Every structure is written in C-alpha cells, then in structure tokens.
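K.L.:
Here it is, the structure in full.
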Amino acid sequence: MKKYSIKLGIRNLIGKYPLLFYSIYCLKYQNRSNLINIDTELVIEGFPRSANSFSVTAFRRLQPKQIKIAHHHHVPAQITNAIKLNIPTIVLIRNPLDAVISFKIYNTDISLIQALKTYISFYQSIAIHKNFYVIASFDEIISDLPTIQ
C-alpha cells in the first residue's frame, strides 16, 4: 500500500469521530481554518470533488452579509458535530462514479477501490443523521443553488 493511501485511510477513520478528529486535527494552527467553532453559522461539507468550492463561493455571494461557514474538511465529524451543535448543514453529494473518478484523478497515489471505499464510508457514516441536514446534489448546486432547501 502506498504512503498516501495509509494517510488517507487513517484520516478517514479519524474523520468519523468528532472528538478524535478535532483533538488531532487542531494540533496544527493552519488546520483550524474552516472548522466548526463558536462563530459558525453554516456547515457545507461533502465528499471531495462534489462542488464544495463552488458551493461555498456561490453561497457567500448570495448572502447580503458575510457569514461564517465551516467547510472543506470532507469528514463526517464536521457534519455530526454541526448536528450536535444545531448548526444548519448542507451535505453535498455527487454521482458516485463521477465523484470517485474525479477524486482518483486528483489523487493519483490512491487506487480506484480506495477512492470508492472512501466515498461509501463518508456517506454511510452520516446516513443515520439524514433528517438533520439538507442534501444538495451536484446538479442542483451547479444549476440552481438559491432553491436548495
């Protein structure tokens, strides 16, 4: 197994558990950017390559004032922690084939199987909480972000 694959596997495991994730990930100051904190007003998270950057940028441009958004950590811990703290949350989802292939192209050091397992693990980990967040598909995001409810 390649080094990056091990790193991704460990991050995926840690990313399922908020206490573990935040305890370890906050050790480096630069990692604290975009994490949930006391000022967070919204969480936008999804599997990598699922319109995360587009969503955050577009959402911010639609707002009359600046709001604090936690985003781009791509771990279930962000979502489960947001639910626990009663922070509105948007979970981004993209067709598995498209998301996994894009993720694999972006991360050449991982196998297609590991990319697929990572995708499945991400969404399985948050499925139990599906009544507490809004799901926004890739197509909804890129075509009509203002109508997502």
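Just so we're on the same page: first chain in the structure tokens is A, next is B, and so on; residues restart at 1 for each chain, and ligands are numbered from 1 in the order they show up.
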If we count only C-alpha atoms and set the cut-off at 8 Å, which residues sit around segment 10-21 of chain A, ignoring sequence neighbours fewer than 5 positions away in its own chain? Please answer as a CSV table (one decimal) with C-alpha atoms, in the first residue's frame.
P.N.:
```
chain,number,residue,atom,x,y,z
A,75,VAL,CA,-15.1,14.3,7.0
A,76,PRO,CA,-18.3,13.1,8.7
A,77,ALA,CA,-17.1,14.6,12.0
A,78,GLN,CA,-17.9,18.1,10.7
A,80,THR,CA,-22.1,15.1,13.1
A,81,ASN,CA,-20.7,17.9,15.2
A,118,THR,CA,-13.7,6.4,0.9
A,121,SER,CA,-17.6,5.3,4.1
A,122,PHE,CA,-18.2,9.1,4.1
A,125,SER,CA,-21.2,7.5,8.4
```
K.L.:
Taking the backbone alone, and naming residues the way the document does, which bits of segment 39-140 of chain A are strand (DSSP E or B) by DSSP, as a list in words?
P.N.:
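Those residues are Leu42, Val43, Ile44, Glu45, Gly46, Ile69, Ala70, His71, Thr89, Ile90, Val91, Leu92, Ile93, Val134, Ile135, Ala136 and Ser137 of chain A.
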K.L.:
Could you give me, as a list in words, the residues within 10 Å of Ile67 of chain A, counting only C-alpha atoms and dropping anything in the same chain fewer than 5 positions from it?
P.N.:
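Residues near the query, excluding close chain neighbours: Asp39, Thr40, Glu41, Leu42, Phe59 and Arg60 of chain A.
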K.L.:
Please produce an output containing N, CA and C atoms for each residue in the selection, written as a PDB file, in the first residue's frame.
P.N.:
```pdb
ATOM      1  N   ASP A  39     -18.377  30.586  16.313  1.00  0.00           N
ATOM      2  CA  ASP A  39     -18.935  31.571  15.384  1.00  0.00           C
ATOM      3  C   ASP A  39     -19.592  30.958  14.152  1.00  0.00           C
ATOM      4  N   THR A  40     -19.497  29.656  13.981  1.00  0.00           N
ATOM      5  CA  THR A  40     -20.004  29.006  12.774  1.00  0.00           C
ATOM      6  C   THR A  40     -21.520  29.155  12.659  1.00  0.00           C
ATOM      7  N   GLU A  41     -21.952  29.602  11.477  1.00  0.00           N
ATOM      8  CA  GLU A  41     -23.376  29.792  11.209  1.00  0.00           C
ATOM      9  C   GLU A  41     -23.932  28.754  10.239  1.00  0.00           C
ATOM     10  N   LEU A  42     -23.054  28.104   9.486  1.00  0.00           N
ATOM     11  CA  LEU A  42     -23.468  27.128   8.490  1.00  0.00           C
ATOM     12  C   LEU A  42     -22.309  26.172   8.229  1.00  0.00           C
ATOM     13  N   PHE A  59     -22.622  30.369  -2.409  1.00  0.00           N
ATOM     14  CA  PHE A  59     -23.472  30.672  -1.258  1.00  0.00           C
ATOM     15  C   PHE A  59     -23.084  32.021  -0.648  1.00  0.00           C
ATOM     16  N   ARG A  60     -21.790  32.249  -0.503  1.00  0.00           N
ATOM     17  CA  ARG A  60     -21.332  33.523   0.071  1.00  0.00           C
ATOM     18  C   ARG A  60     -21.759  34.704  -0.798  1.00  0.00           C
TER      19      ARG A  60
END
```
K.L.:
So, with only C-alpha atoms as the atoms that count, which of A:Ser33, A:Ile113, A:Lys7, A:Asn95 lies closest to Arg49 of chain A?
P.N.:
A:Asn95
K.L.:
From a backbone DSSP assignment, name each residue in segment 6-42 of chain A labelled helix (DSSP H, G or I), as a count of residues only.
P.N.:
21
K.L.:
Set the distance at 12 Å and use only C-alpha atoms: which residues neighbour Leu112 of chain A once local chain neighbours fewer than 2 positions away are removed? I'd like the list as a PyMOL selection string.
P.N.:
chain A and resi 5+96-110+114-119
K.L.:
Using C-alpha atoms, can you write the selected residues to a file as a tab-separated table (two decimals), in the first residue's frame?
P.N.:
```tsv
chain	number	residue	atom	x	y	z
A	5	SER	CA	-3.15	5.51	0.88
A	96	PRO	CA	-20.61	8.17	-7.13
A	97	LEU	CA	-18.95	7.30	-10.42
A	98	ASP	CA	-18.24	10.94	-11.27
A	99	ALA	CA	-17.06	11.84	-7.76
A	100	VAL	CA	-14.83	8.78	-7.35
A	101	ILE	CA	-13.21	9.11	-10.77
A	102	SER	CA	-12.58	12.83	-10.21
A	103	PHE	CA	-11.14	12.09	-6.75
A	104	LYS	CA	-8.88	9.40	-8.21
A	105	ILE	CA	-7.64	11.71	-10.97
A	106	TYR	CA	-6.91	14.41	-8.40
A	107	ASN	CA	-5.21	11.90	-6.05
A	108	THR	CA	-3.07	9.78	-8.32
A	109	ASP	CA	-1.46	7.91	-5.40
A	110	ILE	CA	-4.64	6.09	-4.40
A	114	GLN	CA	-9.76	3.02	-2.12
A	115	ALA	CA	-11.43	6.09	-3.64
A	116	LEU	CA	-14.72	4.20	-3.89
A	117	LYS	CA	-14.43	2.85	-0.32
A	118	THR	CA	-13.73	6.38	0.90
A	119	TYR	CA	-16.86	7.69	-0.85
```
K.L.:
Identify which of the residues A:Ala70, A:Ala136, A:Ile128, A:Ala51 lies closest to Ile90 of chain A, counting only C-alpha atoms when measuring atom-to-atom distances.
P.N.:
A:Ala136
K.L.:
How many Å separate atom CA of Ile142 of chain A from atom CA of Phe47 of chain A?
P.N.:
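Taking atom CA of Ile142 of chain A and atom CA of Phe47 of chain A, their separation equals 15.7 Å.
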K.L.:
Which value, in Å to one decimal, gives the distance between atom CA of Arg32 of chain A and atom CA of His74 of chain A?
P.N.:
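One can read the atom CA of Arg32 of chain A to atom CA of His74 of chain A distance as 13.7 Å.
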K.L.:
Counting only C-alpha atoms, figure out which residue out of A:Ser23, A:Ser111, A:Asn86, A:Asn34 gets nearest to Gly9 of chain A.
P.N.:
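With only C-alpha atoms as the atom set, the closest residue is A:Ser111.
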